[in-house]
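The structure appears below as structure tokens.
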Protein chains: 4
Amino acid sequence: MILDKSLIQQYNEQLAATQQKKFNFLKATLQDEGHDVTALLEQLAAFQIAIPSWALGTGGTRFGRFSGGGEPRSLEEKMEDVGLLHALNQSSGAISLHIPWDIPQNATAIKQLAASFELQFDAVNSNTFQDQNDQNYSYKFGSLSHTDKQVRDQAIAHNVEVIKHGIDLGSKALTIWLSDGTDFPGQQNFRRSFQRTLDSFQQIYDALPEDWKVFIEYKPYEPHFYSTVVADWGTSLLFCQKLGEKALGLVDLGHHLPNTNIEQIVSRFLMEGKLGGFHFNDSKYGDDDLTVGAMQPFQLFLIFNELVEGMASQEVQNPALSWMIDASHNVKDPLEDLLQSIEAIKIALAQALIVDRKKLENAQEQNDTTTAQEILQHAFRTDVRPLLAQARLESGAAIDPLAFYRQNKIRQELINQRGVKTYSTGL
Amino acid sequence: MILDKSLIQQYNEQLAATQQKKFNFLKATLQDEGHDVTALLEQLAAFQIAIPSWALGTGGTRFGRFSGGGEPRSLEEKMEDVGLLHALNQSSGAISLHIPWDIPQNATAIKQLAASFELQFDAVNSNTFQDQNDQNYSYKFGSLSHTDKQVRDQAIAHNVEVIKHGIDLGSKALTIWLSDGTDFPGQQNFRRSFQRTLDSFQQIYDALPEDWKVFIEYKPYEPHFYSTVVADWGTSLLFCQKLGEKALGLVDLGHHLPNTNIEQIVSRFLMEGKLGGFHFNDSKYGDDDLTVGAMQPFQLFLIFNELVEGMASQEVQNPALSWMIDASHNVKDPLEDLLQSIEAIKIALAQALIVDRKKLENAQEQNDTTTAQEILQHAFRTDVRPLLAQARLESGAAIDPLAFYRQNKIRQELINQRGVKTYSTGL
Amino acid sequence: MILDKSLIQQYNEQLAATQQKKFNFLKATLQDEGHDVTALLEQLAAFQIAIPSWALGTGGTRFGRFSGGGEPRSLEEKMEDVGLLHALNQSSGAISLHIPWDIPQNATAIKQLAASFELQFDAVNSNTFQDQNDQNYSYKFGSLSHTDKQVRDQAIAHNVEVIKHGIDLGSKALTIWLSDGTDFPGQQNFRRSFQRTLDSFQQIYDALPEDWKVFIEYKPYEPHFYSTVVADWGTSLLFCQKLGEKALGLVDLGHHLPNTNIEQIVSRFLMEGKLGGFHFNDSKYGDDDLTVGAMQPFQLFLIFNELVEGMASQEVQNPALSWMIDASHNVKDPLEDLLQSIEAIKIALAQALIVDRKKLENAQEQNDTTTAQEILQHAFRTDVRPLLAQARLESGAAIDPLAFYRQNKIRQELINQRGVKTYSTGL
Amino acid sequence: MILDKSLIQQYNEQLAATQQKKFNFLKATLQDEGHDVTALLEQLAAFQIAIPSWALGTGGTRFGRFSGGGEPRSLEEKMEDVGLLHALNQSSGAISLHIPWDIPQNATAIKQLAASFELQFDAVNSNTFQDQNDQNYSYKFGSLSHTDKQVRDQAIAHNVEVIKHGIDLGSKALTIWLSDGTDFPGQQNFRRSFQRTLDSFQQIYDALPEDWKVFIEYKPYEPHFYSTVVADWGTSLLFCQKLGEKALGLVDLGHHLPNTNIEQIVSRFLMEGKLGGFHFNDSKYGDDDLTVGAMQPFQLFLIFNELVEGMASQEVQNPALSWMIDASHNVKDPLEDLLQSIEAIKIALAQALIVDRKKLENAQEQNDTTTAQEILQHAFRTDVRPLLAQARLESGAAIDPLAFYRQNKIRQELINQRGVKTYSTGL
């Protein structure tokens with residue numbers, strides 16, 4: 001389904017007056033506080049979040065999956081969905097492919113299709129946490145960390161193949177979420193698992209083109225419930241140190257133990273110049289993969305506070321970051337869920353951008369904790385939504401993408417085109 | 001596969017001398033400490049743990065499932081597997097059926113089969129956490145708590161049907177694990193969800209035969225990640241209070257928030273005469289469903305310490321309990337996993353039985369914390385395995401069921417009979 | 001220190017124009033959304049939060065305490081501090097006394113002093129978690145749950161004495177935070193500890209005047225690290241059920257295990273008509289006792305969402321609630337910290353008040369999860385601070401209490417009056 | 001109080017026959033399994049655990065402290081207590097001093113005293129988490145990480161002074177537990193706090209003698225409740241990498257977020273040759289500082305399983321480790337508590353020593369998870385206490401130190417000597 005952009009324009013015209021009023025008020029307030037609103041709008045407009053190809057269908061748990069309708073049935077339809085999102089918000093101008101769920105059969109055609117939607121190809125993702133029908137060896141007991149060299153070689157070859165697909169499409173990074181781990185004490189030797197994994201990583205690293213990066217994602221548990229090889233940021237960093245400068249850590253917000261201070265981890269990675277990117281989602285218990293900002297919006301703001309501060313600081317030497325959503329849409333329309341997620345991310349970004357950094361730095365120097373808290377809370381409590389809407393309006397997106405989506409019954413249209421019982425590949 | 005019991009006898013004869021030596025040493029030690037070893041052996045022999053029909057195949061996570069071979073393909077084969085376990089350890093003399101995964105088509109035949117394996121039918125389990133192909137309404141947004149009366153009625157009818165299957169087989173209880181809950185703040189009104197659920201429970205309760213019970217299981221999260229209707233023991237107890245005396249709480253060891261003191265919850269339920277039964281498993285992070293005793297053996301002992309004390313106390317009026325394993329065998333042979341689980345449960349029971357209750361009570365009265373700790377730790381540190389082996393030996397089971405299972409290549413035999421690529425119904 | 005109210009007036013005049021502009025914008029927006037802004041202002045103005053007498057000094061941890069200056073040295077000075085807060089924000093019109101830290105020697109004089117500051121006396125608090133110099137028996141191993149009747153009787157008598165002090169001052173409730181518990185498995189029998197506690201509670205309950213309530217606070221751990229007698233809301237409710245209608249549960253936000261859904265607990269208590277009140281604070285790890293709203297502002301909003309919905313619902317029969325802050329000010333000026341806490345509470349209240357209940361109810365009925373989320377997030381993202389400022393302005397409080405406090409160097413003034421090295425009784 | 005060693009001998013004679021019987025049975029069993037029992041006895045006898053000078057008095061929480069009697073009033077009396085423990089179990093042959101709580105006024109005399117008790121001086125501990133009366137600058141807002149260079153310099157100087165005291169006594173390591181952190185978002189810049197701390201550490205490092213080490217302890221929270229500079233093992237390792245080879249990580253068992261896999265962290269540190277030592281204790285919720293092995297004995301065993309495997313492996317290059325208890329004795333006699341802790345540590349060590357490493361390695365290679373679990377559980381379920389008792393008997397310690405302590409009413413004797421109301425310096 002290709003969105004007729006004039007529909008957006010018509011829609012925006014209806015909302016223009018209200019938007020103008022709200023934006024003017026916010027603009028005046030922000031200017032009073034010394035902010036350059038034009039620069040803010042530019043920063044917001046420029047910020048693009050990649051959509052993973054597996055997030056366009058209904059997700060589930062081990063207890064079941066309740067499909068919705070009109071899910072994309074092919075890579076092409078997935079790209080169509082991302083294109084739709086991007087047309088609606090001009091903020092999702094990239095797609096992140098997962099191999100083997102979405103192998104591009106004809107890279108040239110796929111690239112042309114992407115270009116037609118103004119989409120880039122973000123990091124490509126390998127998968128050695130499931131067995132595919134045609135593979136020789138099972139990953140039941142691990143892949144890159146497996147005791148059996150043949151299994152490791154198969155997993156390495158898969159990653160190398162993923163890189164090749166990425167090269168064909170113009171990706172510049174490989175994301176490895178290695179689920180390898182154990183379920184019972186004694187099942188494996190922790191050190192040797194690490195060493196075998198390092199050896200495997202090294203071989204994949206060696207296959208990276210000059211201008212590529214590899215992101216080493218960490219996660220404490222699930223699908224394994226005793227240990228995981230890349231369990232935490234410390235392990236991720238250790239691997240990156242040993243591999244070289246192309247290897248960087250990747251933070252998935254749901255991949256932490258209860259009560260973890262994630263924003264400090266972000267700061268540590270940045271300090272070391274080793275932050276590669278993000279998988280955004282939200283959670284209350286574990287890797288719940290909920291809509292971004294649905295549960296802990298203040299934490300999301302604090303993370304962006306670190307990112308904005310760190311990326312702007314002369315003290316930090318870190319490559320540009322890769323931003324991606326990684327959520328599971330179990331009870332909501334995936335496209336609605338993604339629109340909500342992107343809105344939440346950009347709200348957090350906008351709030352972080354309006355933190356008064358000078359004043360904050362000063363309060364920190366003085367150990368004036370009350371003032372430091374006031375500064376952050378002031379930014380967080382500011383209703384920045386008119387700023388986001390303005391950035392969208394100015395870039396041709398819908399002032400309120402979700403309302404537009406609903407009004408235009410887009411899901412119904414997709415169901416009409418694709419059917420009620422469609423299943424997107426993925427989890 | 002029907003086990004030739006003479007094989008067990010032959011096997012035991014080989015181990016008899018060593019077992020005798022170990023048992024004699026333990027027996028003498030326990031007698032010195034004032035225990036009646038014959039009574040202990042009887043209590044151990046009498047303790048039977050039900051095997052759920054869904055635990056005989058390989059389990060998985062939302063990220064995949066790695067099947068093993070020789071899994072049972074039908075209810076009959078599942079019963080065969082439980083019969084096998086029971087022959088090996090004389091401790092698994094019951095099966096707990098799940099509907100609709102294991103609908104008995106011919107109850108009479110199934111009962112005869114059960115009798116041939118000396119198996120009882122423990123609590124029957126309903127399932128309203130998944131959609132079945134033939135159902136009219138989806139449980140995507142809940143079942144017994146659903147806002148739509150038609151969905152609730154369908155779920156109630158299913159539970160009533162499960163009771164009927166149970167009656168046919170001689171079960172005496174229905175276990176309801178109600179997964180209903182929400183993933184996002186605001187998705188439902190907590191109070192009304194409770195009230196609708198209560199109304200549904202009441203209708204199911206009214207369908208219970210005179211001598212039946214209904215077990216209300218609780219769980220804080222998964223498959224929903226914001227709220228669950230029956231989230232904790234307090235909610236379970238509240239439902240049971242409102243329903244009546246046939247309603248009792250059910251404790252699944254993996255259904256608690258981090259750091260929960262489960263043994264105190266067990267004590268509270270017992271105090272109120274409202275403990276119905278257990279789902280045994282173990283975990284490190286969430287509802288990991290690992291082999292019982294694999295992660296927190298001391299906690300398991302402390303739970304049995306409460307059970308042994310409470311069930312023996314004149315101060316407690318609680319019906320007899322229902323014991324069941326509820327685990328997911330993702331990386332081990334399910335039968336081996338179950339043998340290990342039963343061993344762990346009985347070790348904890350045996351250790352709890354040899355706690356010097358008089359001395360402990362005295363230490364408690366005196367607030368002699370050091371001594372109280374010593375008493376529990378002494379029981380826990382005692383190697384009671386020869387006691388378990390002796391109870392098995394005397395009841396015709398294998399001295400070492402797992403070793404026997406391996407020696408006799410039983411899994412290979414099952415694969416030969418059933419095939420390498422078989423899939424058991426269940427998770 | 002008595003605040004000259006004309007100072008506030010002068011201060012407000014400086015800010016009046018800006019406030020007017022911000023309020024007008026918000027007022028128009030809220031009116032467009034169908035809200036009665038006058039009613040909102042009244043509800044905000046009427047909402048009063050009690051300040052505990054122990055929260056006016058610097059708090060600490062077991063590792064140390066770093067005092068500030070100008071702390072109140074007597075009950076009178078503590079009341080002066082609360083009076084100061086109340087003059088600044090007209091939202092802290094009550095004080096909650098702790099016995100024995102703040103025994104009123106002359107109740108009549110203390111009441112007159114309170115009246116001069118327009119302060120009420122909220123719930124009185126007993127303390128059996130510490131030993132006082134003059135007591136006969138130690139609470140090392142418990143108080144109301146102790147194995148020794150003499151210790152229990154002493155603790156009961158203390159609570160009765162606290163009630164008497166409360167009667168003298170016009171309080172209408174007793175809050176019992178019972179820290180009793182154990183540090184090691186086996187240290188006590190859970191059931192008997194409960195029963196002894198119930199017996200002690202009953203005796204205290206019997207000493208309550210007709211129009212009084214008793215609040216049973218729960219907490220999972222600290223100061224004891226294995227078990228606590230009143231560990232969770234389920235136990236609190238059980239005690240309240242057994243005691244009678246004057247007994248109600250009290251929720252301290254920091255007294256929960258990791259990841260607990262507190263708002264659902266609030267709903268459960270309200271549903272049962274058994275919610276007595278709140279101890280507000282915030283936390284990331286345990287009972288951190290941080291400034292309210294400093295860590296989880298969205299959770300605070302969700303709790304108020306339940307309170308506003310529940311207290312307005314015809315389906316709920318619950319007495320009026322008691323609101324109190326219970327925080328520990330370790331690195332901030334206690335008065336600044338309290339001002340920030342009250343602001344955060346009222347922001348959450350205001351946001352909860354502007355939730356579109358009709359639309360939310362409708363979305364819930366339709367299982368329209370996306371819309372339900374949008375409704376709550378819209379309220380939360382709205383910058384309601386001008387509404388709070390307006391309510392303050394109209395009730396004679398400072399538009400920005402914290403800025404006023406700083407501008408007028410009130411802490412310095414207190415130090416001048418009371419000294420740099422003063423220690424407030426309390427933790 | 002100096003223990004008459006002949007009392008121990010007499011005591012042992014009474015228990016000798018029973019001990020002989022139990023040991024013989026265990027010895028035969030272990031020999032059947034291929035173990036060299038003499039070597040095991042030697043390893044157990046050689047294993048010495050340092051006692052911290054602050055663990056000899058009653059501990060407490062922020063809510064209070066309930067002192068016992070007979071607590072040591074001076075460094076000399078503390079050493080006496082450790083000497084007593086060592087005489088009882090021949091396993092506590094070292095003391096770890098805390099400065100400034102236990103500044104040795106006359107190093108020569110103190111060393112002679114230590115020699116008389118056969119005690120070594122383990123790592124010395126600095127304290128910048130409390131303000132001392134005579135210091136110029138407060139640590140309220142940090143010490144080695146403070147924004148103010150003068151505060152940092154003071155804290156550095158203190159650490160250098162601690163090293164000097166350590167040199168005088170023959171210590172070979174400095175342990176830095178840096179509590180610096182923040183309580184509120186925004187309070188400090190994470191990166192700059194790290195950098196200032198690194199600079200401070202470097203200066204302390206430069207003051208280390210050639211043959212010394214410095215241990216960098218990590219802890220996620222408490223006394224600060226938002227962030228901690230050295231929050232986790234990853235940060236500790238990062239500091240150690242930047243400092244140099246004398247810097248090593250220190251693991252305190254209570255310093256982890258819920259559900260952390262500590263044994264894998266131990267393996268990671270060992271793999272990097274960066275493990276310095278341990279602070280043993282146990283916990284259920286946070287840094288509960290309970291008796292070692294009281295809550296999670298299986299976890300303790302798994303940690304020792306890593307230590308035994310790692311230290312014996314050719315693949316690991318790690319210096320010898322420093323072992324210390326760090327617990328808080330709130331409801332038990334500190335000496336009894338320490339005796340229980342040491343017993344639990346040595347039980348875990350003995351169990352780890354009897355793990356069949358060859359078989360385990362083989363099971364791991366084969367991904368035979370069932371067998372791997374059986375091997376570890378077999379070791380853990382073995383009752384190794386007779387082995388410990390034998391090691392004590394052969395080294396002149398009491399067969400059952402705790403029973404001896406009780407029988408000989410040693411606490412009463414200490415109270416007689418030191419008084420009922422004595423307070424040991426420390427927490």
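In the structure tokens, chains take the letters A, B, ... in the order shown, each chain's residues start at 1, and ligands count up from 1 in the order shown.
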- Going by DSSP on the backbone, which bits of segment 129-372 of chain B are strand (DSSP E or B)? Write them as a PyMOL selection string, please. chain B and resi 173-177+181-182+213-217+227-228+247-252+275-280+282+290+322-325+329
Limited to N, CA, C and O atoms, could you put the picked residues into a file as a short mmCIF file (atom, residue, chain, number, x, y, z; two decimals), in the first residue's frame?
```cif
data_model
loop_
_atom_site.label_atom_id
_atom_site.label_comp_id
_atom_site.auth_asym_id
_atom_site.auth_seq_id
_atom_site.Cartn_x
_atom_site.Cartn_y
_atom_site.Cartn_z
N ALA B 173 -9.95 -32.70 41.13
CA ALA B 173 -9.67 -31.26 41.21
C ALA B 173 -9.44 -30.67 39.83
O ALA B 173 -8.98 -31.36 38.90
N LEU B 174 -9.75 -29.39 39.74
CA LEU B 174 -9.48 -28.61 38.53
C LEU B 174 -8.44 -27.56 38.88
O LEU B 174 -8.59 -26.84 39.88
N THR B 175 -7.39 -27.47 38.09
CA THR B 175 -6.41 -26.39 38.26
C THR B 175 -6.65 -25.32 37.21
O THR B 175 -6.67 -25.63 36.01
N ILE B 176 -6.86 -24.09 37.67
CA ILE B 176 -7.00 -22.99 36.73
C ILE B 176 -5.78 -22.10 36.81
O ILE B 176 -5.54 -21.42 37.81
N TRP B 177 -4.97 -22.15 35.77
CA TRP B 177 -3.97 -21.10 35.63
C TRP B 177 -4.56 -20.10 34.65
O TRP B 177 -4.66 -20.38 33.45
N GLY B 181 -4.46 -10.91 31.66
CA GLY B 181 -3.80 -9.74 32.21
C GLY B 181 -3.64 -8.70 31.12
O GLY B 181 -4.25 -8.82 30.04
N THR B 182 -2.80 -7.71 31.38
CA THR B 182 -2.62 -6.65 30.39
C THR B 182 -1.14 -6.38 30.15
O THR B 182 -0.29 -6.72 30.98
N LYS B 213 -12.20 -30.07 44.26
CA LYS B 213 -11.62 -28.77 44.61
C LYS B 213 -11.25 -28.03 43.33
O LYS B 213 -11.08 -28.65 42.27
N VAL B 214 -11.10 -26.74 43.46
CA VAL B 214 -10.55 -25.97 42.34
C VAL B 214 -9.33 -25.22 42.86
O VAL B 214 -9.36 -24.63 43.94
N PHE B 215 -8.24 -25.30 42.12
CA PHE B 215 -6.99 -24.64 42.52
C PHE B 215 -6.80 -23.35 41.72
O PHE B 215 -6.81 -23.39 40.48
N ILE B 216 -6.64 -22.26 42.42
CA ILE B 216 -6.44 -20.96 41.77
C ILE B 216 -4.94 -20.63 41.79
O ILE B 216 -4.39 -20.25 42.83
N GLU B 217 -4.31 -20.77 40.65
CA GLU B 217 -2.87 -20.53 40.53
C GLU B 217 -2.61 -19.04 40.33
O GLU B 217 -3.40 -18.35 39.70
N SER B 227 0.21 -6.30 33.88
CA SER B 227 -0.55 -6.79 35.03
C SER B 227 -1.13 -8.16 34.72
O SER B 227 -1.31 -8.52 33.57
N THR B 228 -1.39 -8.91 35.77
CA THR B 228 -2.06 -10.20 35.65
C THR B 228 -3.20 -10.20 36.67
O THR B 228 -3.03 -9.66 37.77
N ALA B 247 -12.33 -23.92 47.04
CA ALA B 247 -11.33 -23.15 46.29
C ALA B 247 -10.06 -22.99 47.13
O ALA B 247 -10.12 -22.54 48.27
N LEU B 248 -8.94 -23.34 46.54
CA LEU B 248 -7.67 -23.33 47.26
C LEU B 248 -6.57 -22.74 46.37
O LEU B 248 -6.65 -22.83 45.15
N GLY B 249 -5.55 -22.17 47.00
CA GLY B 249 -4.46 -21.59 46.25
C GLY B 249 -3.49 -22.64 45.74
O GLY B 249 -3.30 -23.67 46.36
N LEU B 250 -2.86 -22.36 44.61
CA LEU B 250 -1.84 -23.25 44.09
C LEU B 250 -0.55 -22.48 43.86
O LEU B 250 -0.55 -21.41 43.24
N VAL B 251 0.53 -23.03 44.39
CA VAL B 251 1.84 -22.36 44.33
C VAL B 251 2.70 -23.00 43.26
O VAL B 251 3.02 -24.18 43.34
N ASP B 252 3.07 -22.21 42.26
CA ASP B 252 4.07 -22.65 41.29
C ASP B 252 5.37 -21.93 41.67
O ASP B 252 5.38 -20.69 41.76
N LEU B 275 -4.30 -23.97 51.22
CA LEU B 275 -3.28 -24.41 50.27
C LEU B 275 -3.79 -25.65 49.52
O LEU B 275 -4.13 -26.65 50.15
N GLY B 276 -3.81 -25.56 48.22
CA GLY B 276 -4.31 -26.67 47.42
C GLY B 276 -3.22 -27.57 46.89
O GLY B 276 -3.33 -28.78 46.93
N GLY B 277 -2.15 -26.96 46.40
CA GLY B 277 -1.12 -27.80 45.83
C GLY B 277 0.05 -27.02 45.27
O GLY B 277 0.14 -25.79 45.46
N PHE B 278 0.92 -27.75 44.61
CA PHE B 278 2.19 -27.20 44.12
C PHE B 278 2.46 -27.55 42.67
O PHE B 278 2.12 -28.65 42.23
N HIS B 279 3.06 -26.63 42.02
CA HIS B 279 3.72 -26.91 40.74
C HIS B 279 5.20 -26.74 40.99
O HIS B 279 5.68 -25.62 41.19
N PHE B 280 5.92 -27.83 40.96
CA PHE B 280 7.36 -27.76 41.24
C PHE B 280 8.17 -27.48 39.98
O PHE B 280 7.89 -28.03 38.91
N ASP B 282 12.18 -25.04 39.03
CA ASP B 282 13.17 -24.15 39.63
C ASP B 282 13.48 -23.02 38.65
O ASP B 282 13.11 -23.10 37.48
N LEU B 290 12.82 -24.69 35.12
CA LEU B 290 13.96 -25.61 35.10
C LEU B 290 13.69 -26.81 36.00
O LEU B 290 12.75 -26.81 36.80
N SER B 322 -2.04 -31.46 46.63
CA SER B 322 -1.81 -32.03 45.31
C SER B 322 -0.41 -31.62 44.86
O SER B 322 -0.08 -30.44 44.84
N TRP B 323 0.41 -32.59 44.49
CA TRP B 323 1.80 -32.29 44.12
C TRP B 323 2.01 -32.55 42.65
O TRP B 323 1.71 -33.62 42.15
N MET B 324 2.60 -31.62 41.98
CA MET B 324 2.82 -31.81 40.55
C MET B 324 4.11 -31.11 40.12
O MET B 324 4.49 -30.08 40.66
N ILE B 325 4.75 -31.67 39.12
CA ILE B 325 5.88 -31.00 38.48
C ILE B 325 5.33 -30.15 37.34
O ILE B 325 4.40 -30.57 36.66
N HIS B 329 11.30 -28.75 29.50
CA HIS B 329 12.59 -29.42 29.28
C HIS B 329 13.15 -28.99 27.95
O HIS B 329 12.87 -29.61 26.92
#
```
Any chance you could tabulate, as CSV, the residues of chain D at most 6 Å from chain A with each one's nearest atom pair and distance in Å to one decimal, using only C-alpha atoms, in chain and rising number order?
```
residue,atom,partner,partner_atom,distance
D:Thr147,CA,A:Glu365,CA,5.8
D:Gly186,CA,A:Ala372,CA,5.4
D:Gln187,CA,A:Thr369,CA,5.2
D:Gln188,CA,A:Gln364,CA,5.3
D:Gly234,CA,A:Gly234,CA,4.1
D:Gln364,CA,A:Gln188,CA,5.3
D:Glu365,CA,A:Thr147,CA,5.8
D:Thr369,CA,A:Gln187,CA,5.2
D:Ala372,CA,A:Gly186,CA,5.4
D:Gln373,CA,A:Gly186,CA,5.9
```
- Message: Could you go through segment 183-217 of chain D and tell me which residues DSSP, when run on the backbone, assigns to alpha helix (DSSP H), listing them as a PyMOL selection string?
- Response: chain D and resi 190-206
- May I have the residues within 8 Å of Ile399 of chain A as a PyMOL selection string, using only C-alpha atoms and disregarding those fewer than 2 positions away in the same chain? chain A and resi 12+15+19+389-390+392-393+397+401
Would you mind exporting the chosen residues as an mmCIF file, in the first residue's frame, restricted to all heavy atoms?
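Result file follows (out39.cif):
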```cif
data_model
loop_
_atom_site.group_PDB
_atom_site.id
_atom_site.type_symbol
_atom_site.label_atom_id
_atom_site.label_comp_id
_atom_site.auth_asym_id
_atom_site.auth_seq_id
_atom_site.Cartn_x
_atom_site.Cartn_y
_atom_site.Cartn_z
ATOM 1 N N ASN A 12 -3.185 17.559 7.460
ATOM 2 C CA ASN A 12 -2.441 18.566 8.218
ATOM 3 C C ASN A 12 -3.119 19.935 8.187
ATOM 4 O O ASN A 12 -3.082 20.672 9.178
ATOM 5 C CB ASN A 12 -1.009 18.693 7.682
ATOM 6 C CG ASN A 12 -0.136 17.537 8.164
ATOM 7 O OD1 ASN A 12 -0.553 16.753 9.021
ATOM 8 N ND2 ASN A 12 1.069 17.444 7.629
ATOM 9 N N LEU A 15 -5.503 20.405 10.915
ATOM 10 C CA LEU A 15 -4.947 20.553 12.259
ATOM 11 C C LEU A 15 -4.035 21.768 12.394
ATOM 12 O O LEU A 15 -3.535 22.071 13.478
ATOM 13 C CB LEU A 15 -4.127 19.307 12.633
ATOM 14 C CG LEU A 15 -4.838 17.959 12.665
ATOM 15 C CD1 LEU A 15 -3.896 16.905 13.244
ATOM 16 C CD2 LEU A 15 -6.114 18.008 13.500
ATOM 17 N N GLN A 19 -2.210 23.336 15.838
ATOM 18 C CA GLN A 19 -0.771 23.066 15.938
ATOM 19 C C GLN A 19 0.007 24.379 16.047
ATOM 20 O O GLN A 19 0.920 24.520 16.863
ATOM 21 C CB GLN A 19 -0.299 22.253 14.721
ATOM 22 C CG GLN A 19 1.206 22.208 14.503
ATOM 23 C CD GLN A 19 1.966 21.628 15.697
ATOM 24 O OE1 GLN A 19 1.397 20.951 16.541
ATOM 25 N NE2 GLN A 19 3.253 21.948 15.781
ATOM 26 N N ALA A 389 5.516 17.604 16.467
ATOM 27 C CA ALA A 389 4.491 17.774 15.422
ATOM 28 C C ALA A 389 4.971 18.774 14.390
ATOM 29 O O ALA A 389 4.771 18.603 13.181
ATOM 30 C CB ALA A 389 3.180 18.218 16.054
ATOM 31 N N GLN A 390 5.635 19.840 14.867
ATOM 32 C CA GLN A 390 6.123 20.867 13.938
ATOM 33 C C GLN A 390 7.203 20.298 13.012
ATOM 34 O O GLN A 390 7.198 20.560 11.805
ATOM 35 C CB GLN A 390 6.677 22.057 14.741
ATOM 36 C CG GLN A 390 6.952 23.292 13.902
ATOM 37 C CD GLN A 390 5.669 23.915 13.364
ATOM 38 O OE1 GLN A 390 4.585 23.666 13.883
ATOM 39 N NE2 GLN A 390 5.779 24.708 12.298
ATOM 40 N N ARG A 392 7.506 17.309 12.096
ATOM 41 C CA ARG A 392 6.822 16.452 11.120
ATOM 42 C C ARG A 392 6.148 17.295 10.049
ATOM 43 O O ARG A 392 6.287 17.029 8.847
ATOM 44 C CB ARG A 392 5.771 15.588 11.826
ATOM 45 C CG ARG A 392 6.336 14.326 12.450
ATOM 46 C CD ARG A 392 5.227 13.345 12.832
ATOM 47 N NE ARG A 392 4.376 13.880 13.876
ATOM 48 C CZ ARG A 392 4.547 13.673 15.170
ATOM 49 N NH1 ARG A 392 5.563 12.957 15.600
ATOM 50 N NH2 ARG A 392 3.718 14.193 16.047
ATOM 51 N N LEU A 393 5.416 18.295 10.501
ATOM 52 C CA LEU A 393 4.712 19.161 9.558
ATOM 53 C C LEU A 393 5.672 19.725 8.520
ATOM 54 O O LEU A 393 5.413 19.699 7.310
ATOM 55 C CB LEU A 393 4.037 20.296 10.347
ATOM 56 C CG LEU A 393 3.273 21.357 9.556
ATOM 57 C CD1 LEU A 393 2.080 20.732 8.831
ATOM 58 C CD2 LEU A 393 2.783 22.474 10.486
ATOM 59 N N ALA A 397 5.421 15.127 6.930
ATOM 60 C CA ALA A 397 4.761 14.015 7.605
ATOM 61 C C ALA A 397 3.466 14.503 8.248
ATOM 62 O O ALA A 397 3.161 15.700 8.248
ATOM 63 C CB ALA A 397 5.697 13.422 8.661
ATOM 64 N N PRO A 401 0.450 11.264 13.362
ATOM 65 C CA PRO A 401 0.473 10.082 12.499
ATOM 66 C C PRO A 401 -0.525 9.006 12.921
ATOM 67 O O PRO A 401 -1.168 8.381 12.074
ATOM 68 C CB PRO A 401 1.915 9.565 12.623
ATOM 69 C CG PRO A 401 2.709 10.750 13.054
ATOM 70 C CD PRO A 401 1.796 11.578 13.897
#
```
- Message: When you count only C-alpha atoms, which of these residues is closest to Lys78 of chain C: C:Leu414, C:Leu198, C:Ala320, C:Leu402?
- Response: C:Leu414
- Item | Which of C:Ser424, C:Arg357, C:Ala344, C:Pro223 sits closest to Gly60 of chain D [using only C-alpha atoms] | C:Pro223
- Item | Straight-line distance linking atom CA of Gln31 of chain B with atom CA of Arg381 of chain B, stated in Å to one decimal |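 According to the coordinates, atom CA of Gln31 of chain B and atom CA of Arg381 of chain B are separated by 16.7 Å.
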